[in-house]
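Below is upload.cif, which holds mmCIF, N, CA and C atoms.
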```cif
data_final
#
loop_
_atom_site.label_atom_id
_atom_site.label_comp_id
_atom_site.auth_asym_id
_atom_site.auth_seq_id
_atom_site.Cartn_x
_atom_site.Cartn_y
_atom_site.Cartn_z
N MET T 1 93.54 117.98 85.87
CA MET T 1 94.86 117.72 86.40
C MET T 1 95.01 118.36 87.77
N LEU T 2 94.79 119.65 87.88
CA LEU T 2 94.89 120.30 89.17
C LEU T 2 93.61 120.08 89.94
N LEU T 3 93.71 120.06 91.23
CA LEU T 3 92.54 119.85 92.07
C LEU T 3 91.81 121.16 92.28
N PRO T 4 90.74 121.41 91.55
CA PRO T 4 90.06 122.69 91.63
C PRO T 4 89.49 122.98 93.01
N GLU T 5 89.06 121.96 93.74
CA GLU T 5 88.47 122.17 95.06
C GLU T 5 89.45 122.88 95.99
N TYR T 6 90.69 122.40 96.04
CA TYR T 6 91.71 123.04 96.88
C TYR T 6 91.91 124.49 96.46
N MET T 7 91.96 124.70 95.15
CA MET T 7 92.24 126.03 94.64
C MET T 7 91.09 126.99 94.95
N ARG T 8 89.85 126.50 94.85
CA ARG T 8 88.70 127.35 95.18
C ARG T 8 88.70 127.70 96.65
N LYS T 9 88.95 126.73 97.51
CA LYS T 9 88.95 126.97 98.96
C LYS T 9 89.99 128.00 99.37
N ASN T 10 91.09 128.03 98.64
CA ASN T 10 92.20 128.93 99.00
C ASN T 10 92.27 130.15 98.10
N ASN T 11 91.19 130.40 97.36
CA ASN T 11 91.09 131.56 96.49
C ASN T 11 92.25 131.69 95.52
N LEU T 12 92.68 130.59 94.97
CA LEU T 12 93.75 130.60 93.98
C LEU T 12 93.14 130.71 92.60
N ASN T 13 93.81 131.43 91.73
CA ASN T 13 93.36 131.56 90.35
C ASN T 13 93.37 130.17 89.71
N LEU T 14 92.21 129.73 89.23
CA LEU T 14 92.11 128.38 88.68
C LEU T 14 92.92 128.19 87.40
N LYS T 15 93.17 129.26 86.68
CA LYS T 15 93.89 129.12 85.42
C LYS T 15 95.40 129.14 85.62
N LYS T 16 95.90 129.99 86.49
CA LYS T 16 97.35 130.12 86.66
C LYS T 16 97.72 130.27 88.13
N PRO T 17 97.72 129.17 88.89
CA PRO T 17 98.16 129.29 90.27
C PRO T 17 99.65 129.59 90.31
N ASP T 18 100.05 130.36 91.28
CA ASP T 18 101.46 130.72 91.41
C ASP T 18 102.18 129.63 92.21
N ILE T 19 102.86 128.76 91.49
CA ILE T 19 103.54 127.63 92.10
C ILE T 19 104.54 128.09 93.16
N LYS T 20 105.21 129.21 92.90
CA LYS T 20 106.20 129.70 93.86
C LYS T 20 105.57 130.18 95.16
N SER T 21 104.29 130.53 95.14
CA SER T 21 103.65 130.94 96.39
C SER T 21 103.03 129.74 97.11
N ILE T 22 102.77 128.67 96.37
CA ILE T 22 102.21 127.47 96.99
C ILE T 22 103.30 126.64 97.66
N PHE T 23 104.44 126.52 96.99
CA PHE T 23 105.57 125.75 97.50
C PHE T 23 106.69 126.69 97.89
N ASN T 24 107.69 126.14 98.54
CA ASN T 24 108.87 126.91 98.89
C ASN T 24 109.49 127.43 97.58
N PRO T 25 109.61 128.76 97.44
CA PRO T 25 110.12 129.31 96.17
C PRO T 25 111.54 128.86 95.83
N SER T 26 112.31 128.47 96.83
CA SER T 26 113.68 128.03 96.54
C SER T 26 113.71 126.72 95.75
N LEU T 27 112.60 125.99 95.72
CA LEU T 27 112.54 124.77 94.92
C LEU T 27 112.61 125.09 93.43
N PHE T 28 112.19 126.30 93.08
CA PHE T 28 112.08 126.68 91.68
C PHE T 28 112.94 127.91 91.39
N TRP T 29 114.13 127.92 91.93
CA TRP T 29 115.04 129.06 91.79
C TRP T 29 115.40 129.32 90.34
N ASP T 30 115.34 128.31 89.49
CA ASP T 30 115.80 128.42 88.11
C ASP T 30 114.69 128.75 87.12
N ALA T 31 113.48 129.00 87.60
CA ALA T 31 112.36 129.28 86.71
C ALA T 31 111.72 130.61 87.05
N VAL T 32 111.35 131.34 86.01
CA VAL T 32 110.69 132.63 86.22
C VAL T 32 109.19 132.42 86.39
N GLU T 33 108.56 131.82 85.40
CA GLU T 33 107.14 131.52 85.47
C GLU T 33 106.93 130.03 85.31
N ILE T 34 106.02 129.50 86.11
CA ILE T 34 105.72 128.07 86.04
C ILE T 34 104.22 127.91 85.89
N ASP T 35 103.83 127.27 84.83
CA ASP T 35 102.43 126.95 84.61
C ASP T 35 102.17 125.59 85.25
N ALA T 36 101.27 125.55 86.21
CA ALA T 36 101.03 124.33 86.99
C ALA T 36 100.62 123.15 86.12
N ALA T 37 99.85 123.39 85.08
CA ALA T 37 99.40 122.31 84.21
C ALA T 37 100.47 121.94 83.18
N GLU T 38 101.01 122.95 82.51
CA GLU T 38 101.99 122.70 81.45
C GLU T 38 103.29 122.13 81.98
N HIS T 39 103.71 122.56 83.15
CA HIS T 39 104.98 122.14 83.74
C HIS T 39 104.78 121.18 84.91
N ALA T 40 103.71 120.41 84.87
CA ALA T 40 103.38 119.52 85.98
C ALA T 40 104.50 118.54 86.30
N VAL T 41 105.08 117.94 85.29
CA VAL T 41 106.14 116.95 85.53
C VAL T 41 107.34 117.60 86.22
N TYR T 42 107.70 118.79 85.78
CA TYR T 42 108.81 119.53 86.39
C TYR T 42 108.50 119.84 87.86
N VAL T 43 107.29 120.33 88.13
CA VAL T 43 106.90 120.69 89.50
C VAL T 43 106.91 119.45 90.38
N ILE T 44 106.31 118.38 89.91
CA ILE T 44 106.23 117.14 90.70
C ILE T 44 107.63 116.61 90.99
N ALA T 45 108.47 116.54 89.98
CA ALA T 45 109.82 116.01 90.17
C ALA T 45 110.61 116.86 91.15
N ARG T 46 110.53 118.17 91.02
CA ARG T 46 111.29 119.06 91.91
C ARG T 46 110.82 118.92 93.35
N VAL T 47 109.52 118.85 93.56
CA VAL T 47 108.99 118.72 94.93
C VAL T 47 109.34 117.35 95.52
N LEU T 48 109.21 116.29 94.73
CA LEU T 48 109.55 114.96 95.25
C LEU T 48 111.03 114.86 95.59
N ASP T 49 111.88 115.45 94.77
CA ASP T 49 113.33 115.39 95.03
C ASP T 49 113.77 116.28 96.19
N PHE T 50 113.25 117.49 96.27
CA PHE T 50 113.83 118.47 97.20
C PHE T 50 112.85 119.10 98.19
N GLY T 51 111.56 118.81 98.07
CA GLY T 51 110.58 119.42 98.95
C GLY T 51 110.56 118.79 100.33
N ASP T 52 109.99 119.52 101.29
CA ASP T 52 109.82 118.96 102.62
C ASP T 52 108.44 118.30 102.71
N ILE T 53 108.10 117.80 103.87
CA ILE T 53 106.85 117.06 104.02
C ILE T 53 105.63 117.91 103.71
N GLU T 54 105.67 119.20 104.08
CA GLU T 54 104.54 120.08 103.78
C GLU T 54 104.39 120.28 102.27
N ASP T 55 105.52 120.40 101.58
CA ASP T 55 105.49 120.54 100.12
C ASP T 55 104.87 119.29 99.48
N VAL T 56 105.24 118.13 99.98
CA VAL T 56 104.71 116.88 99.42
C VAL T 56 103.21 116.77 99.69
N HIS T 57 102.78 117.15 100.89
CA HIS T 57 101.34 117.13 101.18
C HIS T 57 100.59 118.05 100.23
N MET T 58 101.13 119.23 100.00
CA MET T 58 100.49 120.18 99.10
C MET T 58 100.48 119.64 97.67
N LEU T 59 101.59 119.04 97.26
CA LEU T 59 101.67 118.45 95.92
C LEU T 59 100.58 117.42 95.71
N ARG T 60 100.35 116.59 96.71
CA ARG T 60 99.34 115.53 96.58
C ARG T 60 97.92 116.07 96.64
N LYS T 61 97.75 117.29 97.15
CA LYS T 61 96.44 117.92 97.11
C LYS T 61 96.18 118.54 95.74
N ILE T 62 97.23 119.00 95.09
CA ILE T 62 97.09 119.69 93.81
C ILE T 62 97.06 118.72 92.64
N TYR T 63 97.97 117.75 92.64
CA TYR T 63 98.05 116.80 91.54
C TYR T 63 97.53 115.43 91.98
N PRO T 64 96.78 114.77 91.10
CA PRO T 64 96.29 113.42 91.45
C PRO T 64 97.45 112.43 91.47
N ASP T 65 97.28 111.37 92.23
CA ASP T 65 98.32 110.33 92.31
C ASP T 65 98.67 109.78 90.94
N GLU T 66 97.71 109.74 90.03
CA GLU T 66 97.99 109.22 88.68
C GLU T 66 99.06 110.05 87.98
N LYS T 67 99.01 111.38 88.15
CA LYS T 67 100.00 112.25 87.52
C LYS T 67 101.36 112.08 88.19
N ILE T 68 101.37 111.90 89.50
CA ILE T 68 102.62 111.67 90.23
C ILE T 68 103.23 110.34 89.79
N ILE T 69 102.40 109.32 89.69
CA ILE T 69 102.88 108.00 89.24
C ILE T 69 103.42 108.09 87.82
N GLU T 70 102.72 108.80 86.95
CA GLU T 70 103.19 108.98 85.57
C GLU T 70 104.57 109.65 85.56
N THR T 71 104.76 110.64 86.40
CA THR T 71 106.04 111.33 86.48
C THR T 71 107.14 110.38 86.94
N ILE T 72 106.87 109.58 87.95
CA ILE T 72 107.87 108.64 88.46
C ILE T 72 108.20 107.59 87.40
N ARG T 73 107.22 107.22 86.60
CA ARG T 73 107.44 106.22 85.55
C ARG T 73 108.13 106.78 84.31
N THR T 74 108.21 108.10 84.17
CA THR T 74 108.78 108.67 82.94
C THR T 74 110.00 109.54 83.17
N ARG T 75 110.19 110.07 84.34
CA ARG T 75 111.25 111.06 84.58
C ARG T 75 112.56 110.38 84.95
N ARG T 76 113.49 110.32 84.02
CA ARG T 76 114.78 109.69 84.25
C ARG T 76 115.64 110.50 85.23
N SER T 77 115.41 111.80 85.30
CA SER T 77 116.28 112.67 86.10
C SER T 77 115.91 112.73 87.58
N LEU T 78 114.90 111.99 88.02
CA LEU T 78 114.63 111.94 89.46
C LEU T 78 115.83 111.34 90.18
N LEU T 79 116.04 111.75 91.40
CA LEU T 79 117.09 111.11 92.19
C LEU T 79 116.69 109.66 92.43
N PRO T 80 117.65 108.73 92.36
CA PRO T 80 117.30 107.32 92.57
C PRO T 80 116.61 107.05 93.90
N LYS T 81 117.05 107.72 94.97
CA LYS T 81 116.40 107.48 96.26
C LYS T 81 114.95 107.97 96.24
N THR T 82 114.68 109.04 95.50
CA THR T 82 113.31 109.54 95.35
C THR T 82 112.47 108.53 94.59
N GLY T 83 113.00 108.06 93.47
CA GLY T 83 112.27 107.10 92.65
C GLY T 83 111.96 105.82 93.41
N LYS T 84 112.92 105.34 94.14
CA LYS T 84 112.72 104.09 94.89
C LYS T 84 111.68 104.27 96.00
N TYR T 85 111.80 105.36 96.76
CA TYR T 85 110.87 105.61 97.85
C TYR T 85 109.43 105.68 97.33
N TRP T 86 109.21 106.50 96.30
CA TRP T 86 107.86 106.69 95.80
C TRP T 86 107.35 105.46 95.05
N ALA T 87 108.23 104.71 94.44
CA ALA T 87 107.80 103.47 93.79
C ALA T 87 107.25 102.51 94.85
N VAL T 88 107.94 102.39 95.96
CA VAL T 88 107.47 101.51 97.03
C VAL T 88 106.17 102.06 97.62
N LYS T 89 106.14 103.36 97.89
CA LYS T 89 104.97 103.98 98.52
C LYS T 89 103.72 103.89 97.62
N LEU T 90 103.89 104.03 96.32
CA LEU T 90 102.76 104.05 95.40
C LEU T 90 102.61 102.74 94.62
N ASN T 91 103.28 101.69 95.07
CA ASN T 91 103.17 100.35 94.47
C ASN T 91 103.51 100.31 92.98
N ILE T 92 104.60 100.96 92.62
CA ILE T 92 105.09 100.94 91.25
C ILE T 92 106.23 99.93 91.19
N PRO T 93 106.17 98.96 90.29
CA PRO T 93 107.29 98.02 90.19
C PRO T 93 108.60 98.77 89.90
N LEU T 94 109.65 98.40 90.60
CA LEU T 94 110.93 99.11 90.48
C LEU T 94 111.47 99.10 89.05
N GLU T 95 111.17 98.04 88.31
CA GLU T 95 111.67 97.98 86.93
C GLU T 95 110.96 98.99 86.02
N GLU T 96 109.89 99.62 86.49
CA GLU T 96 109.19 100.64 85.72
C GLU T 96 109.64 102.06 86.05
N VAL T 97 110.67 102.18 86.88
CA VAL T 97 111.16 103.49 87.31
C VAL T 97 112.48 103.77 86.61
N PRO T 98 112.47 104.67 85.60
CA PRO T 98 113.67 104.87 84.78
C PRO T 98 114.87 105.42 85.52
N CYS T 99 114.67 106.15 86.60
CA CYS T 99 115.83 106.70 87.31
C CYS T 99 116.60 105.62 88.07
N LEU T 100 116.05 104.42 88.15
CA LEU T 100 116.73 103.31 88.82
C LEU T 100 117.48 102.42 87.84
N ARG T 101 117.29 102.66 86.55
CA ARG T 101 117.97 101.85 85.54
C ARG T 101 119.36 102.40 85.26
N LYS T 102 120.26 101.51 85.00
CA LYS T 102 121.60 101.92 84.58
C LYS T 102 121.52 102.25 83.09
N TYR T 103 122.18 103.31 82.72
CA TYR T 103 122.18 103.69 81.32
C TYR T 103 123.54 103.37 80.73
N TYR T 104 123.54 102.59 79.71
CA TYR T 104 124.75 102.26 78.98
C TYR T 104 124.53 102.65 77.53
N PRO T 105 125.33 103.58 77.02
CA PRO T 105 125.16 103.94 75.62
C PRO T 105 125.42 102.73 74.73
N PRO T 106 124.73 102.64 73.61
CA PRO T 106 124.93 101.49 72.72
C PRO T 106 126.36 101.47 72.18
N LYS T 107 126.88 100.25 72.05
CA LYS T 107 128.22 100.11 71.51
C LYS T 107 128.21 100.48 70.04
N GLN T 108 129.25 101.15 69.63
CA GLN T 108 129.37 101.47 68.22
C GLN T 108 130.18 100.38 67.53
N LEU T 109 129.65 99.95 66.44
CA LEU T 109 130.34 98.90 65.69
C LEU T 109 131.52 99.52 64.94
N THR T 110 132.62 98.83 65.00
CA THR T 110 133.81 99.33 64.27
C THR T 110 134.15 98.47 63.10
#
```

Take the structure in this file and express it as structure tokens.
Amino acid sequence: MLLPEYMRKNNLNLKKPDIKSIFNPSLFWDAVEIDAAEHAVYVIARVLDFGDIEDVHMLRKIYPDEKIIETIRTRRSLLPKTGKYWAVKLNIPLEEVPCLRKYYPPKQLT
């Protein structure tokens, strides 16, 4: 999942890279510890929604495009503008992006 080559070149611990030192720590103000592998969807979503261009470049070095695409296809809480931008950029059909769907709770029968 994580790109070991980048981590080796930058002397990062392969088992537990410190996400807050790799990205702007303000992106993860609400988390104490972040495991890059276990919390990959959270990290990807937060960086895509609120990161700057350097954060996005770093994200794409650490996580493969397949993991980013999986996140865009499964994460309902992405901002719609984020989902649409990345869907177009990564050739994901818009109907496969849950944050672009309208949610209507099922009607209750009376």

Check your understanding: Taking into account all atoms listed in the file, which residue in the set T:Leu59, T:Val97, T:Ile69, T:Ala31 is nearest to Val47 (chain T)?
Key ->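 Closest to Val47 (chain T) of all the choices is T:Leu59.
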
Exercise for review: May I have the residues within 10 Å of Phe23 (chain T) as a PyMOL selection string, using only C-alpha atoms and disregarding those fewer than 5 positions away in the same chain?
Suggested key: chain T and resi 18+28+43+47+51-52+54-56+58-59

Exercise for review: Going by DSSP on the backbone, which bits of region 18-104 of chain T are alpha helix (DSSP H)? Write them as a ChimeraX atom specification, please.
Suggested key: /T:19-22,40-50,53-62,65-74,80-89

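Residue nearest Phe50 (chain T) within the list T:Leu27, T:Val32, T:Glu96, T:Arg75: T:Leu27 [criterion: smallest interatomic distance, all atoms listed in the file].
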
Check your understanding: Which is closest to Trp86 (chain T) among T:Lys67, T:Lys61, T:Cys99, T:Ile72, if we use only C-alpha atoms?
Key ->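 Ranked by minimum distance to Trp86 (chain T), first place goes to T:Ile72.
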
Review point. Can you tell me how far atom N of Ile68 (chain T) sits from atom N of Leu48 (chain T), in Å to one decimal?
Key: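 According to the coordinates, atom N of Ile68 (chain T) and atom N of Leu48 (chain T) are separated by 10.4 Å.
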
Exercise for review: Could you check how far atom N of Asp30 (chain T) sits from atom C of Arg46 (chain T), in Å to one decimal?
Suggested key: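 Atom-to-atom, atom N of Asp30 (chain T) and atom C of Arg46 (chain T) are spaced 11.1 Å apart.
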
Review point. Which residues come within 8 Å of Lys81 (chain T), counting only N, CA and C atoms, excluding same-chain residues fewer than 2 positions away, as a VMD selection string?
Key: chain T and resid 48 to 49 78 to 79 83 to 87 99 to 100

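For the pair CA of Ala45 (chain T) and atom N of Glu66 (chain T), the interatomic distance is 13.6 Å.
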